[in-house]
4 protein chains.
Amino acid sequence: MALKLVIIGGGSSYTPEIIEGIIKRYDSFPVTELVLVDIKEGEEKLQIIGNLARRMIEKSSKPIQLTWTLDRKEALKNADFVSTQIRVGRLDARAKDERIPLRHGFIGQETNGAGGVLKAFRTIPVLMEIANDVHAICPDAWMINFTNPAGIVTEALLKYAAHKKIIGVCNIPYNMRHSVAEILHVAPDDVRIEFVGMNHFVFGQKVFVKGIDRIDEVLEKLIDSDGLDYSPANIVSLGWSKTFIESTRLLPNPYHQYYFQTRDVLEKDLAAYEANGTRAEVVQQLEESLFELYKDPELREKPKELEERGGAFYSDVACSLMDSIYNNKQDIQTVNIRNNGAISDLPDDAVVEINCVITKDGPKPISVGSLPLSVKGIIQQMKAFEELVIRAAMTGDYHDAYLALVMNPLMADEKRSKIVLDELLEAHKHYLPQFK
Amino acid sequence: MALKLVIIGGGSSYTPEIIEGIIKRYDSFPVTELVLVDIKEGEEKLQIIGNLARRMIEKSSKPIQLTWTLDRKEALKNADFVSTQIRVGRLDARAKDERIPLRHGFIGQETNGAGGVLKAFRTIPVLMEIANDVHAICPDAWMINFTNPAGIVTEALLKYAAHKKIIGVCNIPYNMRHSVAEILHVAPDDVRIEFVGMNHFVFGQKVFVKGIDRIDEVLEKLIDSDGLDYSPANIVSLGWSKTFIESTRLLPNPYHQYYFQTRDVLEKDLAAYEANGTRAEVVQQLEESLFELYKDPELREKPKELEERGGAFYSDVACSLMDSIYNNKQDIQTVNIRNNGAISDLPDDAVVEINCVITKDGPKPISVGSLPLSVKGIIQQMKAFEELVIRAAMTGDYHDAYLALVMNPLMADEKRSKIVLDELLEAHKHYLPQFK
Amino acid sequence: MALKLVIIGGGSSYTPEIIEGIIKRYDSFPVTELVLVDIKEGEEKLQIIGNLARRMIEKSSKPIQLTWTLDRKEALKNADFVSTQIRVGRLDARAKDERIPLRHGFIGQETNGAGGVLKAFRTIPVLMEIANDVHAICPDAWMINFTNPAGIVTEALLKYAAHKKIIGVCNIPYNMRHSVAEILHVAPDDVRIEFVGMNHFVFGQKVFVKGIDRIDEVLEKLIDSDGLDYSPANIVSLGWSKTFIESTRLLPNPYHQYYFQTRDVLEKDLAAYEANGTRAEVVQQLEESLFELYKDPELREKPKELEERGGAFYSDVACSLMDSIYNNKQDIQTVNIRNNGAISDLPDDAVVEINCVITKDGPKPISVGSLPLSVKGIIQQMKAFEELVIRAAMTGDYHDAYLALVMNPLMADEKRSKIVLDELLEAHKHYLPQFK
Amino acid sequence: MALKLVIIGGGSSYTPEIIEGIIKRYDSFPVTELVLVDIKEGEEKLQIIGNLARRMIEKSSKPIQLTWTLDRKEALKNADFVSTQIRVGRLDARAKDERIPLRHGFIGQETNGAGGVLKAFRTIPVLMEIANDVHAICPDAWMINFTNPAGIVTEALLKYAAHKKIIGVCNIPYNMRHSVAEILHVAPDDVRIEFVGMNHFVFGQKVFVKGIDRIDEVLEKLIDSDGLDYSPANIVSLGWSKTFIESTRLLPNPYHQYYFQTRDVLEKDLAAYEANGTRAEVVQQLEESLFELYKDPELREKPKELEERGGAFYSDVACSLMDSIYNNKQDIQTVNIRNNGAISDLPDDAVVEINCVITKDGPKPISVGSLPLSVKGIIQQMKAFEELVIRAAMTGDYHDAYLALVMNPLMADEKRSKIVLDELLEAHKHYLPQFK
């Protein structure tokens with residue numbers, strides 16, 4: 001039986017990881033046809049990745065038929081799964097998302113604050129088009145979106161795209177689970193964290209190890225240690241204070257430092273920026289080295305250097321998810337999906353990052369009821385902010401865009417939000433057709 | 001490691017089934033200590049069941065230590081699981097619940113209409129006491145309640161008992177799943193029905209077979225056949241009309257006939273009553289024969305005759321549930337549990353009958369979102385009615401009791417509700433201490 | 001300043017009442033232009049009413065310019081208020097709505113049960129067209145809908161018509177207020193009943209007299225007397241039992257007897273039907289006599305006989321409402337309007353019958369919070385039923401229509417709902433274009 | 001008929017204003033007995049105020065019997081209205097609330113940020129005691145709370161005090177209405193602003209003048225002018241940018257500058273602090289001068305200098321409110337009251353600042369439905385923050401207190417929130433018995 005996977009943004013430096021994942025899972029998830037798709041501007045990278053992927057598959061001896069192409073519509077024909085991992089405007093755009101807010105004294109980050117808003121503005125229209133193509137060409141396919149800001153983008157798609165079989169994924173819950181497992185010296189598969197919240201704003205409120213909640217122990221270690229390191233490579237954690245941990249009794253995720261350690265992070269980021277430029281620029285160099293490695297005709301596996309990139313394990317998450325859908329495994333994974341009442345304090349049609357039972361019919365969220373009072377307000381605010389971002393991304397209305405910025409807790413400045421917005425809109429105008 | 005199970009109402013005629021279930025599951029769910037508990041009035045039956053259970057266990061050669069006792073508090077010490085399957089007032093009370101409404105032209109039924117209300121009034125205070133004992137004596141134990149009306153009773157306990165580790169179970173979802181499997185010629189384990197609603201008022205809105213929704217096919221067969229027979233033995237189905245099925249596109253449960261075929265069921269029940277007396281009286285005779293069989297010192301297994309009783313498979317449901325909790329199986333089972341937002345249109349603290357992931361930390365409901373508009377109203381009304389029943393059972397207030405009756409869709413008669421209520425309160429007064 | 005009022009269904013026998021109301025209120029609500037509109041089939045009646053209205057206005061010496069016409073679009077030009085009081089299919093259709101359900105053993109009533117559903121099916125498309133005309137021709141006009149089932153129709157319009165300045169009115173709250181005033185020997189203007197629920201299913205939960213809640217006293221009298229007679233003329237009340245009143249502690253409205261005294265009402269209605277035919281037929285004769293009176297060229301006022309019709313005071317309600325809007329009076333009136341959270345247990349977009357502050361910007365509902373538990377369920381069910389009716393009226397889908405019928409508490413019979421529906425659809429087919 | 005008003009905190013410098021209001025409204029709201037109550041520490045001030053009040057009443061010739069006392073319980077006997085205007089810890093405490101956060105780089109303000117939290121901690125227990133006294137001694141009395149933070153305090157009382165007839169008032173909505181009236185050159189009584197939100201965080205979403213919404217015009221003027229000056233005297237407005245106003249299309253209140261102009265306000269406040277010390281210290285001097293004036297035995301009226309204090313018009317608001325309750329006026333006023341669904345996106349039991357119809361039975365909120373998306377998130381967060389403050393004020397738990405601080409948008413810093421909290425708890429420990 002044919003099983004076709006299409007990777008949109010196939011020229012990404014992360015692709016070798018997903019190739020590895022596909023090969024590794026071949027027995028349970030036997031991809032017969034694999035297509036890497038990219039756009040004209042990414043053709044050279046797509047070549048390099050395509051050739052590396054070919055060598056990896058050859059080495060594996062799995063009968064996976066691989067092709068790569070710039071023709072997305074052709075590629076989508078008969079697809080069973082479509083993964084999307086694109087970067088509209090590439091790392092140059094990210095550098096601007098980081099630099100511009102920072103220069104005005106605000107967090108400048110890829111997925112948070114003003115930078116994250118603009119990334120959403122650039123990304124949503126492109127993914128909307130892809131989702132509509134998927135719906136027209138391969139309506140039964142599941143679309144797995146890794147593209148950041150993954151939660152916002154997935155909500156936009158589920159609300160406005162014709163296609164409804166869309167799931168957002170992120171490596172943060174995966175990393176948190178693995179780090180907790182390490183701390184407790186147990187196997188990651190034995191750990192189930194009960195998550196509440198949204199992508200990049202998710203908290204763990206229980207940590208089950210073989211069904212027993214051991215969060216107290218984890219929080220204790222989080223305090224004692226120098227900071228539980230479950231950060232992706234792109235975020236250096238400053239650690240959390242005893243009081244914060246003992247008061248919330250929740251497991252924060254690395255992105256929370258932007259919201260609760262703003263001054264300190266800002267200071268650190270400004271220093272780093274002055275020393276090395278933006279994170280995007282650091283990554284740019286890393287990417288270049290990676291592609292140099294990838295070109296090596298002797299390389300037949302994912303190089304270890306890739307793990308240094310922040311998004312590591314994203315593809316592991318995606319492969320697990322596709323495997324469980326394909327096989328109706330009914331196991332529990334953490335994905336971004338329509339809330340449907342699972343978190344009572346958020347709208348039914350909000351996308352949340354939550355534990356789901358993964359079935360052939362898609363992920364089914366496991367209810368957690370009300371949010372803990374301690375974080376209810378900030379989570380509701382972030383969700384409303386996300387709604388504002390989506391509205392602005394769809395309307396292209398300047399005032400909507402301004403509202404999204406000024407209502408972000410990292411901005412919250414009526415005058416400077418305009419200044420930052422204007423610079424960002426100008427800087428990215430090529431990628432923001434909806435804003436005229 | 002010790003694993004102690006206490007069966008409250010151990011003298012029930014159903015107990016051999018649960019004994020069989022325990023023996024069958026011994027490898028994964030190794031009960032080391034099993035105590036049957038009953039009250040003074042049930043001592044003789046308890047003796048008979050105890051001896052039969054002893055013979056069954058001996059035959060199995062499993063190292064299960066069995067005792068039986070009238071001392072509930074002693075029995076509860078160190079219990080890991082406590083199952084409750086009691087019948088306050090025994091079958092005599094049930095006969096009154098059936099007869100009195102019927103004589104006034106209303107459905108007279110064990111768990112529906114006025115009869116169900118009075119059963120709740122009798123049962124809730126007794127189970128409240130048991131739950132509070134459990135909480136005081138074995139606070140870590142899971143209490144598995146089979147006692148009807150199981151949904152209402154479980155909601156009352158979760159709202160008002162100190163103990164919170166309480167789960168209600170029913171055989172209806174189990175039977176529906178098995179019947180659907182039979183219709184589709186697939187294994188029951190491959191079927192997952194997406195249920196919405198409450199105990200004895202639950203609908204199936206999707207029928208997944210290996211993750212693919214095949215409800216259309218099932219509904220089609222439901223229409224063509226003479227009525228899909230997924231009724232428990234105590235309910236003879238009249239079948240459903242093509243129009244009803246095609247309009248709701250939901251899988252009804254056998255109890256729905258009381259609400260949507262009231263006139264016809266009433267006519268049939270009145271005829272049956274005149275011919276054979278109440279269902280309780282029929283069951284009474286069945287029970288007597290069963291106990292005659294049970295006494296046979298050569299009997300070392302659950303006799304086949306037990307399956308003719310309506311509650312068959314209740315214990316299978318309960319054993320599966322305990323097994324999954326004990327082993328943190330994370331499989332999906334349908335139980336009665338706090339809603340927690342899983343059905344958006346019902347209160348968070350309502351008990352619903354819903355698919356859950358069964359973990360060592362208990363069942364976690366899988367969100368289904370909004371109710372289908374077609375049955376939203378009637379489900380909301382039934383839930384509000386259940387709240388009225390619980391309130392009256394707790395306060396013992398006459399007006400509260402009247403409201404519960406008059407707001408039940410099967411009563412809905414301001415004058416006759418009072419007449420029926422007065423007769424029922426009088427008939428059951430020995431078991432209704434809360435009503436003075 | 002011009003003030004133009006257009007009365008759609010101007011040929012109605014009720015019109016003299018509204019003419020009287022307009023004349024009476026001329027000082028505060030100075031209508032300068034009044035147009036009576038009707039359809040071809042009602043031309044003769046329109047003539048008669050038009051002439052009577054002319055004589056009434058002449059007698060009053062108010063400078064109200066009166067015309068009557070069959071050209072609705074022309075009439076709507078520059079309208080400030082548009083009232084709608086139509087009867088699609090006239091009294092013949094009503095007779096069928098009453099007769100057909102009754103013959104199958106169900107309540108046969110103008111606005112309740114199957115009859116009410118079919119009336120909604122006939123009425124909604126016609127009023128939708130009118131509302132859309134209003135929106136296109138006189139977008140600033142307020143549309144005041146008296147047409148029954150007023151709540152359902154208003155909800156359909158507010159959900160699906162382009163026009164949003166629509167208010168539904170009914171004389172029941174008015175009558176209840178006046179009856180309560182009479183019982184307490186106080187002025188009606190000093191009474192404010194706190195209503196909860198929907199049109200024809202509204203309860204009074206508090207009775208304020210000059211700001212002091214005197215419901216206990218009213219309920220007491222309701223029990224002692226032979227039934228507080230706040231029924232419109234078309235409903236003969238059977239009175240309420242002490243237990244019902246003491247348990248709900250709510251003021252029922254006359255239509256509640258259909259739901260809580262079904263058997264007795266049915267018996268009475270069947271007897272009346274056998275004796276005198278349907279209520280519609282009784283009304284038909286009454287109407288004929290009225291029109292005979294109206295023709296009298298000496299008649300220059302609303303004849304007393306009109307008050308015997310059930311809808312009396314409807315127009316008083318409507319005139320008060322228009323007066324308060326026009327003058328931004330900010331007084332409190334009870335109308336049918338979008339819920340907007342005023343009753344927490346019903347959807348925001350549901351139409352409820354509720355106390356509102358009447359401003360030039362329309363009625364603003366006064367919050368009452370949660371429904372009393374005693375009637376929460378039945379009100380939620382009735383609201384969901386209304387949603388089903390509206391859906392079916394809009395889609396013209398047979399299954400939707402069946403669901404509306406079978407989910408009405410007065411039907412609730414899967415087989416007979418189909419029989420009744422089929423007969424009604426056939427009987428009314430001329431007025432149900434949406435059902436093919 | 002007797003009408004007794006008790007003013008708790010009668011020694012406040014604001015009292016002459018309320019005395020003036022009582023005298024002015026004597027014809028409609030004829031207070032026969034007026035008692036000023038204060039605590040031992042305020043005895044001297046109470047003397048001064050008492051004497052001034054006596055002279056004012058004498059001058060008015062109204063038969064109001066005035067006394068002053070330190071015996072609160074005695075004073076409460078037979079009270080019809082009780083107003084509360086206390087300052088636990090007096091201006092010294094306020095100075096600390098302002099100074100300590102400021103020194104760590106956070107907004108230091110009486111009712112916002114960390115200062116407001118600590119003010120709530122000090123105030124809630126004292127008012128809880130008063131409310132419970134009211135309930136025990138004069139259970140029918142209305143308690144009108146002016147004490148800040150008025151919304152939070154009122155919510156705490158409505159949730160936890162036995163007494164339920166409690167209304168919170170603030171002069172901000174009053175001032176906004178008057179300023180808007182001035183801008184539009186209309187009478188304040190003709191203006192009705194539709195408010196959404198909470199005390200000190202309320203927005204105007206419509207501005208009705210005689211029932212016509214003129215918000216667009218007001219917003220336009222707000223932009224063009226140098227800032228609509230509807231600030232109380234204690235807040236100097238920085239004005240709002242065109243973009244902010246055009247994007248939100250809402251009327252902000254002066255306190256919003258703390259949230260959307262944080263950096264600029266902080267800079268300004270730090271400069272002011274260095275120049276003149278805290279606002280509390282400025283006020284202290286103002287108060288001293290006021291009391292010097294008050295002592296003048298020739299003074300028989302409220303001196304004009306009082307209007308320079310920020311709280312001006314508070315008492316006008318309170319007098320209007322009591323007048324409308326007493327006379328069941330059913331007019332519209334803006335007060336702090338239980339939400340009850342009026343704002344759909346906030347809990348029913350939250351206290352909101354909203355337009356109400358004022359009846360003898362208390363204020364009835366007028367529904368506004370959903371919050372505008374633009375401010376939904378921040379309002380929900382502020383409400384959840386308020387819940388955290390109330391919880392901490394009631395439990396006296398350190399971690400709860402920390403959560404309240406760290407979840408306030410003006411703090412949001414995990415390390416510095418602890419430092420600020422510790423200093424504040426130490427500084428106020430005398431007034432925080434609940435925190436050990």
# chains A, B, ... in the order shown; residues from 1 in each chain; ligands from 1
>>> interface_residues(of="chain C", to="chain B", cutoff="10 Å", atoms="only C-alpha atoms", output="MDAnalysis selection string")
chainID C and resid 240:249 257:264 345:347 373:388 391 397:404 406:418
>>> select_by_dssp(residues="region 175-348 of chain D", states="strand (DSSP E or B)", output="VMD selection string")
chain D and resid 191 to 198 201 to 209 212 to 213 251 261 331 to 338 343
>>> write_last_selection(atoms="N, CA and C atoms", output="JSON list (two decimals), in the first residue's frame")
[["chain", "number", "residue", "atom", "x", "y", "z"],
["D", 191, "VAL", "N", -25.58, 62.32, 28.93],
["D", 191, "VAL", "CA", -24.53, 61.42, 28.45],
["D", 191, "VAL", "C", -24.61, 60.09, 29.19],
["D", 192, "ARG", "N", -24.58, 59.02, 28.44],
["D", 192, "ARG", "CA", -24.46, 57.69, 29.04],
["D", 192, "ARG", "C", -23.34, 56.97, 28.31],
["D", 193, "ILE", "N", -22.25, 56.72, 29.05],
["D", 193, "ILE", "CA", -21.13, 55.98, 28.45],
["D", 193, "ILE", "C", -21.36, 54.50, 28.72],
["D", 194, "GLU", "N", -21.21, 53.67, 27.71],
["D", 194, "GLU", "CA", -21.30, 52.22, 27.95],
["D", 194, "GLU", "C", -19.92, 51.73, 28.36],
["D", 195, "PHE", "N", -19.81, 51.41, 29.64],
["D", 195, "PHE", "CA", -18.52, 51.00, 30.20],
["D", 195, "PHE", "C", -18.33, 49.49, 30.15],
["D", 196, "VAL", "N", -17.10, 49.06, 29.92],
["D", 196, "VAL", "CA", -16.75, 47.65, 30.11],
["D", 196, "VAL", "C", -15.44, 47.56, 30.88],
["D", 197, "GLY", "N", -15.41, 46.62, 31.80],
["D", 197, "GLY", "CA", -14.16, 46.40, 32.53],
["D", 197, "GLY", "C", -14.36, 46.50, 34.01],
["D", 198, "MET", "N", -13.28, 46.83, 34.68],
["D", 198, "MET", "CA", -13.32, 46.86, 36.13],
["D", 198, "MET", "C", -12.87, 48.22, 36.63],
["D", 201, "PHE", "N", -9.88, 50.12, 35.65],
["D", 201, "PHE", "CA", -9.46, 49.48, 34.40],
["D", 201, "PHE", "C", -10.66, 49.41, 33.47],
["D", 202, "VAL", "N", -11.45, 50.48, 33.51],
["D", 202, "VAL", "CA", -12.69, 50.48, 32.76],
["D", 202, "VAL", "C", -12.49, 51.26, 31.45],
["D", 203, "PHE", "N", -13.10, 50.75, 30.40],
["D", 203, "PHE", "CA", -13.10, 51.46, 29.12],
["D", 203, "PHE", "C", -14.53, 51.89, 28.79],
["D", 204, "GLY", "N", -14.65, 52.96, 28.01],
["D", 204, "GLY", "CA", -15.95, 53.35, 27.47],
["D", 204, "GLY", "C", -16.03, 52.84, 26.04],
["D", 205, "GLN", "N", -17.05, 52.04, 25.74],
["D", 205, "GLN", "CA", -17.10, 51.54, 24.35],
["D", 205, "GLN", "C", -18.16, 52.22, 23.51],
["D", 206, "LYS", "N", -19.06, 52.94, 24.13],
["D", 206, "LYS", "CA", -20.00, 53.76, 23.39],
["D", 206, "LYS", "C", -20.27, 55.00, 24.21],
["D", 207, "VAL", "N", -20.60, 56.09, 23.55],
["D", 207, "VAL", "CA", -20.93, 57.34, 24.25],
["D", 207, "VAL", "C", -22.28, 57.81, 23.73],
["D", 208, "PHE", "N", -23.31, 57.52, 24.50],
["D", 208, "PHE", "CA", -24.64, 57.90, 24.05],
["D", 208, "PHE", "C", -24.99, 59.30, 24.55],
["D", 209, "VAL", "N", -25.41, 60.13, 23.64],
["D", 209, "VAL", "CA", -25.95, 61.43, 24.02],
["D", 209, "VAL", "C", -27.41, 61.40, 23.60],
["D", 212, "ILE", "N", -28.09, 58.55, 21.27],
["D", 212, "ILE", "CA", -27.36, 58.41, 20.00],
["D", 212, "ILE", "C", -25.87, 58.23, 20.31],
["D", 213, "ASP", "N", -25.26, 57.21, 19.73],
["D", 213, "ASP", "CA", -23.85, 56.94, 20.01],
["D", 213, "ASP", "C", -22.95, 57.94, 19.28],
["D", 251, "LEU", "N", -12.69, 54.49, 24.80],
["D", 251, "LEU", "CA", -12.32, 55.60, 25.66],
["D", 251, "LEU", "C", -11.52, 55.03, 26.83],
["D", 261, "GLN", "N", 1.68, 53.08, 28.94],
["D", 261, "GLN", "CA", 2.71, 54.12, 28.81],
["D", 261, "GLN", "C", 3.69, 53.95, 29.96],
["D", 331, "ASP", "N", -32.89, 54.73, 37.58],
["D", 331, "ASP", "CA", -32.04, 55.44, 36.64],
["D", 331, "ASP", "C", -30.75, 54.64, 36.45],
["D", 332, "ILE", "N", -29.91, 55.10, 35.56],
["D", 332, "ILE", "CA", -28.70, 54.35, 35.23],
["D", 332, "ILE", "C", -27.49, 54.99, 35.86],
["D", 333, "GLN", "N", -26.73, 54.22, 36.63],
["D", 333, "GLN", "CA", -25.49, 54.72, 37.21],
["D", 333, "GLN", "C", -24.43, 53.63, 37.03],
["D", 334, "THR", "N", -23.19, 54.05, 37.13],
["D", 334, "THR", "CA", -22.09, 53.11, 36.93],
["D", 334, "THR", "C", -21.49, 52.75, 38.28],
["D", 335, "VAL", "N", -21.62, 51.50, 38.66],
["D", 335, "VAL", "CA", -21.11, 51.07, 39.97],
["D", 335, "VAL", "C", -20.34, 49.76, 39.83],
["D", 336, "ASN", "N", -19.76, 49.35, 40.96],
["D", 336, "ASN", "CA", -19.04, 48.09, 41.01],
["D", 336, "ASN", "C", -19.93, 47.04, 41.66],
["D", 337, "ILE", "N", -20.19, 45.99, 40.91],
["D", 337, "ILE", "CA", -21.23, 45.05, 41.31],
["D", 337, "ILE", "C", -20.92, 43.68, 40.71],
["D", 338, "ARG", "N", -21.55, 42.66, 41.24],
["D", 338, "ARG", "CA", -21.39, 41.29, 40.73],
["D", 338, "ARG", "C", -21.78, 41.25, 39.25],
["D", 343, "ILE", "N", -21.05, 40.90, 31.47],
["D", 343, "ILE", "CA", -19.91, 40.80, 30.55],
["D", 343, "ILE", "C", -19.64, 39.31, 30.39]]
>>> residues_around(residues="Thr278 (chain C)", least_positions_apart="5", cutoff="7 Å", atoms="only C-alpha atoms", output="JSON, numbers by chain")
{"C": [95, 98, 99, 273]}
>>> select_by_dssp(residues="region 48-171 of chain B", states="alpha helix (DSSP H)", output="number ranges by chain")
B: 48-60, 72-76, 90-103, 113-137, 150-160
>>> residues_around(residues="Lys364 (chain C)", least_positions_apart="4", cutoff="8 Å", atoms="only C-alpha atoms", output="PyMOL selection string")
(chain C and resi 356-359) or (chain D and resi 366-368)
>>> write_last_selection(atoms="N, CA and C atoms", output="PDB file, in the first residue's frame")
ATOM      1  N   CYS C 356     -35.645  45.042  29.863  1.00  0.00           N
ATOM      2  CA  CYS C 356     -34.625  45.838  29.194  1.00  0.00           C
ATOM      3  C   CYS C 356     -34.816  47.300  29.551  1.00  0.00           C
ATOM      4  N   VAL C 357     -33.720  48.021  29.529  1.00  0.00           N
ATOM      5  CA  VAL C 357     -33.795  49.469  29.551  1.00  0.00           C
ATOM      6  C   VAL C 357     -33.987  49.895  28.105  1.00  0.00           C
ATOM      7  N   ILE C 358     -35.046  50.679  27.856  1.00  0.00           N
ATOM      8  CA  ILE C 358     -35.346  51.033  26.464  1.00  0.00           C
ATOM      9  C   ILE C 358     -34.726  52.389  26.139  1.00  0.00           C
ATOM     10  N   THR C 359     -33.754  52.365  25.240  1.00  0.00           N
ATOM     11  CA  THR C 359     -33.066  53.587  24.852  1.00  0.00           C
ATOM     12  C   THR C 359     -33.265  53.834  23.361  1.00  0.00           C
TER      13      THR C 359
ATOM     14  N   ILE D 366     -26.628  46.110  33.378  1.00  0.00           N
ATOM     15  CA  ILE D 366     -27.132  46.051  32.001  1.00  0.00           C
ATOM     16  C   ILE D 366     -26.115  45.284  31.164  1.00  0.00           C
ATOM     17  N   SER D 367     -26.578  44.225  30.527  1.00  0.00           N
ATOM     18  CA  SER D 367     -25.665  43.351  29.760  1.00  0.00           C
ATOM     19  C   SER D 367     -24.952  44.079  28.640  1.00  0.00           C
ATOM     20  N   VAL D 368     -23.688  43.776  28.464  1.00  0.00           N
ATOM     21  CA  VAL D 368     -22.977  44.296  27.303  1.00  0.00           C
ATOM     22  C   VAL D 368     -22.447  43.174  26.419  1.00  0.00           C
TER      23      VAL D 368
END
>>> atom_distance(atom1="CA of Ser324 (chain A)", atom2="CA of Ile137 (chain A)")
23.5 Å
>>> closest_residue(among="C:Ile64, C:Val317, C:Ile39, C:Met128", to="Arg90 (chain C)", atoms="only C-alpha atoms")
C:Ile39
>>> residues_around(residues="Leu432 (chain B)", least_positions_apart="3", cutoff="7 Å", atoms="only C-alpha atoms", output="number ranges by chain")
B: 121-122, 428-429, 435
>>> residues_around(residues="Lys96 (chain A)", least_positions_apart="2", cutoff="9 Å", atoms="only C-alpha atoms", output="ChimeraX atom specification")
/A:91-94,98-101,108,115,278,280,424,427-428
>>> residues_around(residues="Val37 (chain D)", least_positions_apart="5", cutoff="8 Å", atoms="only C-alpha atoms", output="list in words")
Val6, Ile7, Ile8, Gly9, Gly10, Gly11, Leu46, Trp68, Thr69, Leu70, Asp71, Arg72 and Ala75 of chain D
